[in-house]
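Asks: Got a structure for you, questions after.
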Amino acid sequence: MARRWRKYQELLETRRRELIGELAARREQMAIEPGGDPMDRMRSFSQRELAVRTLNLLSAMLAEVDAALDRIREGSFGVCRACGRPIGARRLNALPWCSLCLRCQEAADRDEREAA
Ligand SMILES: [Zn+2]
């Protein structure tokens with residue numbers, strides 16, 4: 001494996017463990033059954049909604065981290081998947097799981113905003 005990505009691999013693996021731990025904790029929270037009181041049930045319903053959204057977000061992040069670790073193994077890490085240019089070190093330090101360079105990310109964000 002490419003030595004130069006070692007630092008990022010460690011960052012990603014740490015993040016991965018955190019995410020897995022957090023997912024497990026959230027799933028446990030969701031497993032708690034609401035009490036018989038209707039107010040309690042309503043409260044737990046909206047908490048559950050929030051928990052589901054958080055779970056989805058956490059799983060999406062975990063998928064991104066996994067994909068980045070795959071890219072390290074395949075040797076395509078640090079290369080923008082849209083334009084093929086290298087992703088800046090500063091950007092990789094901040095977001096080691098990103099797969100787009102800053103320019104392509106900005107373009108993608110713009111498209112998303114225009115589509116919305
Ligand atoms: Zn790019």
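Convention: chains lettered A, B, ... in structure tokens order; per-chain residue numbering from 1; ligands numbered from 1 as shown.
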Please identify every residue of chain A that has at least one atom no farther than 6 Å from an atom of ligand 1, counting only C-alpha atoms and all ligand atoms, and for each give the shortest atom pair and the distance in Å to one decimal, arranged by chain then increasing number, as CSV.
Replies:
```
residue,atom,partner,partner_atom_place_in_ligand_line,distance
A:Cys80,CA,ligand 1,1 (Zn),4.6
A:Ala82,CA,ligand 1,1 (Zn),5.0
A:Cys83,CA,ligand 1,1 (Zn),4.1
A:Arg85,CA,ligand 1,1 (Zn),5.8
A:Leu100,CA,ligand 1,1 (Zn),5.3
A:Cys101,CA,ligand 1,1 (Zn),4.2
A:Arg103,CA,ligand 1,1 (Zn),5.7
A:Cys104,CA,ligand 1,1 (Zn),4.3
```
Asks: Go ahead and dump the residues you just picked, N, CA, C and O atoms, as a compact mmCIF listing (two decimals), in the first residue's frame.
Replies:
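File produced: selection.txt:
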```
# COMPACT_ATOMS: atom_id res chain seq x y z
N CYS A 80 -9.30 13.38 -7.69
CA CYS A 80 -10.69 13.77 -7.86
C CYS A 80 -11.38 12.80 -8.81
O CYS A 80 -10.87 12.52 -9.90
N ALA A 82 -14.07 13.25 -10.40
CA ALA A 82 -14.72 13.93 -11.52
C ALA A 82 -13.72 14.38 -12.57
O ALA A 82 -13.88 14.12 -13.75
N CYS A 83 -12.64 15.06 -12.14
CA CYS A 83 -11.72 15.64 -13.13
C CYS A 83 -10.38 14.91 -13.18
O CYS A 83 -9.59 15.16 -14.08
N ARG A 85 -7.84 15.22 -11.33
CA ARG A 85 -6.71 15.97 -10.81
C ARG A 85 -6.52 15.65 -9.33
O ARG A 85 -7.48 15.25 -8.66
N LEU A 100 -13.90 14.43 -4.25
CA LEU A 100 -13.90 15.47 -5.28
C LEU A 100 -12.94 16.58 -4.86
O LEU A 100 -12.82 16.88 -3.68
N CYS A 101 -12.28 17.19 -5.84
CA CYS A 101 -11.45 18.33 -5.52
C CYS A 101 -12.37 19.51 -5.23
O CYS A 101 -13.57 19.46 -5.47
N ARG A 103 -12.80 22.36 -6.58
CA ARG A 103 -13.52 22.95 -7.70
C ARG A 103 -14.72 22.11 -8.11
O ARG A 103 -15.81 22.64 -8.34
N CYS A 104 -14.52 20.81 -8.19
CA CYS A 104 -15.63 19.94 -8.60
C CYS A 104 -16.68 19.88 -7.50
O CYS A 104 -17.88 19.78 -7.80
```
Asks: Residues at most 9 Å from Tyr8 of chain A, counting only C-alpha atoms, excluding those fewer than 6 positions away in the same chain, as a PDB file with N, CA and C atoms, in the first residue's frame?
Replies:
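This is the output file selection-v6.pdb:
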```pdb
ATOM      1  N   LEU A  69     -11.259   4.411   2.146  1.00  0.00           N
ATOM      2  CA  LEU A  69     -10.283   3.363   2.495  1.00  0.00           C
ATOM      3  C   LEU A  69     -10.075   2.420   1.305  1.00  0.00           C
ATOM      4  N   ILE A  72      -7.743   4.050  -1.081  1.00  0.00           N
ATOM      5  CA  ILE A  72      -6.339   3.935  -0.657  1.00  0.00           C
ATOM      6  C   ILE A  72      -5.802   2.578  -1.104  1.00  0.00           C
ATOM      7  N   LEU A  92      -7.690  17.362   1.893  1.00  0.00           N
ATOM      8  CA  LEU A  92      -7.642  15.980   2.383  1.00  0.00           C
ATOM      9  C   LEU A  92      -7.448  15.934   3.903  1.00  0.00           C
ATOM     10  N   ASN A  93      -6.703  16.905   4.416  1.00  0.00           N
ATOM     11  CA  ASN A  93      -6.511  16.939   5.868  1.00  0.00           C
ATOM     12  C   ASN A  93      -7.820  17.216   6.583  1.00  0.00           C
ATOM     13  N   PRO A  96     -10.680  13.784   4.893  1.00  0.00           N
ATOM     14  CA  PRO A  96      -9.932  12.703   4.226  1.00  0.00           C
ATOM     15  C   PRO A  96     -10.808  11.766   3.400  1.00  0.00           C
ATOM     16  N   TRP A  97     -12.140  11.812   3.608  1.00  0.00           N
ATOM     17  CA  TRP A  97     -13.028  10.913   2.862  1.00  0.00           C
ATOM     18  C   TRP A  97     -13.566  11.557   1.582  1.00  0.00           C
TER      19      TRP A  97
END
```
Asks: So which residues touch Leu12 of chain A within 10 Å, counting only C-alpha atoms, skipping near sequence neighbours fewer than 4 positions away, as a list of chain:residue names?
Replies: A:Arg6, A:Lys7, A:Tyr8, A:Arg16, A:Arg17, A:Glu18, A:Leu62, A:Glu64, A:Val65, A:Asp66, A:Ala68, A:Leu69, A:Leu95, A:Pro96, A:Trp97
Asks: Produce a file of the selected residues containing N, CA and C atoms, as a PDB file, in the first residue's frame.
Replies:
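Saved file part_38.pdb follows:
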```pdb
ATOM      1  N   ARG A   6      -0.620   6.847   4.460  1.00  0.00           N
ATOM      2  CA  ARG A   6      -0.734   6.201   5.757  1.00  0.00           C
ATOM      3  C   ARG A   6      -1.458   7.073   6.788  1.00  0.00           C
ATOM      4  N   LYS A   7      -1.076   8.356   6.803  1.00  0.00           N
ATOM      5  CA  LYS A   7      -1.672   9.284   7.758  1.00  0.00           C
ATOM      6  C   LYS A   7      -3.191   9.350   7.572  1.00  0.00           C
ATOM      7  N   TYR A   8      -3.612   9.404   6.304  1.00  0.00           N
ATOM      8  CA  TYR A   8      -5.040   9.493   6.009  1.00  0.00           C
ATOM      9  C   TYR A   8      -5.739   8.181   6.335  1.00  0.00           C
ATOM     10  N   ARG A  16     -13.810   5.720  11.249  1.00  0.00           N
ATOM     11  CA  ARG A  16     -14.645   4.554  11.001  1.00  0.00           C
ATOM     12  C   ARG A  16     -15.067   3.910  12.328  1.00  0.00           C
ATOM     13  N   ARG A  17     -14.091   3.753  13.223  1.00  0.00           N
ATOM     14  CA  ARG A  17     -14.413   3.165  14.529  1.00  0.00           C
ATOM     15  C   ARG A  17     -15.394   4.034  15.291  1.00  0.00           C
ATOM     16  N   GLU A  18     -15.181   5.360  15.238  1.00  0.00           N
ATOM     17  CA  GLU A  18     -16.102   6.280  15.923  1.00  0.00           C
ATOM     18  C   GLU A  18     -17.517   6.132  15.386  1.00  0.00           C
ATOM     19  N   LEU A  62     -20.305   6.682   7.071  1.00  0.00           N
ATOM     20  CA  LEU A  62     -19.506   5.458   7.163  1.00  0.00           C
ATOM     21  C   LEU A  62     -19.212   4.911   5.762  1.00  0.00           C
ATOM     22  N   GLU A  64     -18.924   6.641   3.076  1.00  0.00           N
ATOM     23  CA  GLU A  64     -17.910   7.493   2.449  1.00  0.00           C
ATOM     24  C   GLU A  64     -16.515   7.161   2.953  1.00  0.00           C
ATOM     25  N   VAL A  65     -16.439   6.925   4.283  1.00  0.00           N
ATOM     26  CA  VAL A  65     -15.148   6.576   4.877  1.00  0.00           C
ATOM     27  C   VAL A  65     -14.663   5.243   4.319  1.00  0.00           C
ATOM     28  N   ASP A  66     -15.572   4.259   4.217  1.00  0.00           N
ATOM     29  CA  ASP A  66     -15.214   2.956   3.655  1.00  0.00           C
ATOM     30  C   ASP A  66     -14.728   3.094   2.218  1.00  0.00           C
ATOM     31  N   ALA A  68     -13.377   5.673   0.858  1.00  0.00           N
ATOM     32  CA  ALA A  68     -12.056   6.309   0.842  1.00  0.00           C
ATOM     33  C   ALA A  68     -10.974   5.286   1.183  1.00  0.00           C
ATOM     34  N   LEU A  69     -11.259   4.411   2.146  1.00  0.00           N
ATOM     35  CA  LEU A  69     -10.283   3.363   2.495  1.00  0.00           C
ATOM     36  C   LEU A  69     -10.075   2.420   1.305  1.00  0.00           C
ATOM     37  N   LEU A  95     -10.957  16.827   5.189  1.00  0.00           N
ATOM     38  CA  LEU A  95     -11.985  15.842   4.828  1.00  0.00           C
ATOM     39  C   LEU A  95     -11.327  14.656   4.139  1.00  0.00           C
ATOM     40  N   PRO A  96     -10.680  13.784   4.893  1.00  0.00           N
ATOM     41  CA  PRO A  96      -9.932  12.703   4.226  1.00  0.00           C
ATOM     42  C   PRO A  96     -10.808  11.766   3.400  1.00  0.00           C
ATOM     43  N   TRP A  97     -12.140  11.812   3.608  1.00  0.00           N
ATOM     44  CA  TRP A  97     -13.028  10.913   2.862  1.00  0.00           C
ATOM     45  C   TRP A  97     -13.566  11.557   1.582  1.00  0.00           C
TER      46      TRP A  97
END
```
Asks: Quick one: everything within 12 Å of Glu49 of chain A, counting only C-alpha atoms, minus sequence neighbours fewer than 6 positions away in the same chain. Send it as a PyMOL selection string.
Replies: chain A and resi 26+30+42-43+55-56
Asks: Can those selected residues be exported to a file as a PDB file, in the first residue's frame so that it contains N, CA, C and O atoms?
Replies:
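This went into again_7.pdb:
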```pdb
ATOM      1  N   ARG A  26     -26.739   4.517  18.825  1.00  0.00           N
ATOM      2  CA  ARG A  26     -28.036   5.022  18.357  1.00  0.00           C
ATOM      3  C   ARG A  26     -29.034   3.891  18.173  1.00  0.00           C
ATOM      4  O   ARG A  26     -30.215   4.032  18.465  1.00  0.00           O
ATOM      5  N   MET A  30     -32.724   3.343  19.921  1.00  0.00           N
ATOM      6  CA  MET A  30     -33.964   3.141  19.176  1.00  0.00           C
ATOM      7  C   MET A  30     -34.698   1.910  19.649  1.00  0.00           C
ATOM      8  O   MET A  30     -35.902   1.794  19.470  1.00  0.00           O
ATOM      9  N   MET A  42     -45.596  10.086  22.110  1.00  0.00           N
ATOM     10  CA  MET A  42     -45.407  11.111  21.103  1.00  0.00           C
ATOM     11  C   MET A  42     -43.968  11.611  21.122  1.00  0.00           C
ATOM     12  O   MET A  42     -43.362  11.800  20.078  1.00  0.00           O
ATOM     13  N   ARG A  43     -43.473  11.840  22.323  1.00  0.00           N
ATOM     14  CA  ARG A  43     -42.098  12.297  22.455  1.00  0.00           C
ATOM     15  C   ARG A  43     -41.150  11.281  21.837  1.00  0.00           C
ATOM     16  O   ARG A  43     -40.263  11.637  21.085  1.00  0.00           O
ATOM     17  N   LEU A  55     -29.228   8.152  12.110  1.00  0.00           N
ATOM     18  CA  LEU A  55     -28.677   6.860  11.688  1.00  0.00           C
ATOM     19  C   LEU A  55     -28.356   6.863  10.200  1.00  0.00           C
ATOM     20  O   LEU A  55     -27.308   6.380   9.787  1.00  0.00           O
ATOM     21  N   ASN A  56     -29.267   7.413   9.408  1.00  0.00           N
ATOM     22  CA  ASN A  56     -29.041   7.467   7.961  1.00  0.00           C
ATOM     23  C   ASN A  56     -27.812   8.293   7.630  1.00  0.00           C
ATOM     24  O   ASN A  56     -27.004   7.922   6.782  1.00  0.00           O
TER      25      ASN A  56
END
```
Asks: Quote the spacing between atom CA of Arg4 of chain A and atom CA of Leu58 of chain A in Å to one decimal place.
Replies: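 Answer for the atom CA of Arg4 of chain A to atom CA of Leu58 of chain A separation: 27.6 Å.
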Asks: Enter the distance from atom CA of Arg27 of chain A to atom CA of Met39 of chain A, in Å, rounded to one decimal.
Replies: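 Pair atom CA of Arg27 of chain A / atom CA of Met39 of chain A returns 22.2 Å.
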Asks: Quick one: of A:Ala24, A:Arg90, A:Trp5, A:Ala115, who's nearest to Ser76 of chain A, counting only C-alpha atoms?
Replies: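 When distances to Ser76 of chain A are compared using only C-alpha atoms, the smallest one comes from A:Trp5.
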Asks: Using DSSP on the backbone coordinates, identify the residues of segment 7-107 of chain A assigned to helix (DSSP H, G or I); present them as a ChimeraX atom specification.
Replies: /A:7-31,38-74,89-94,102-107
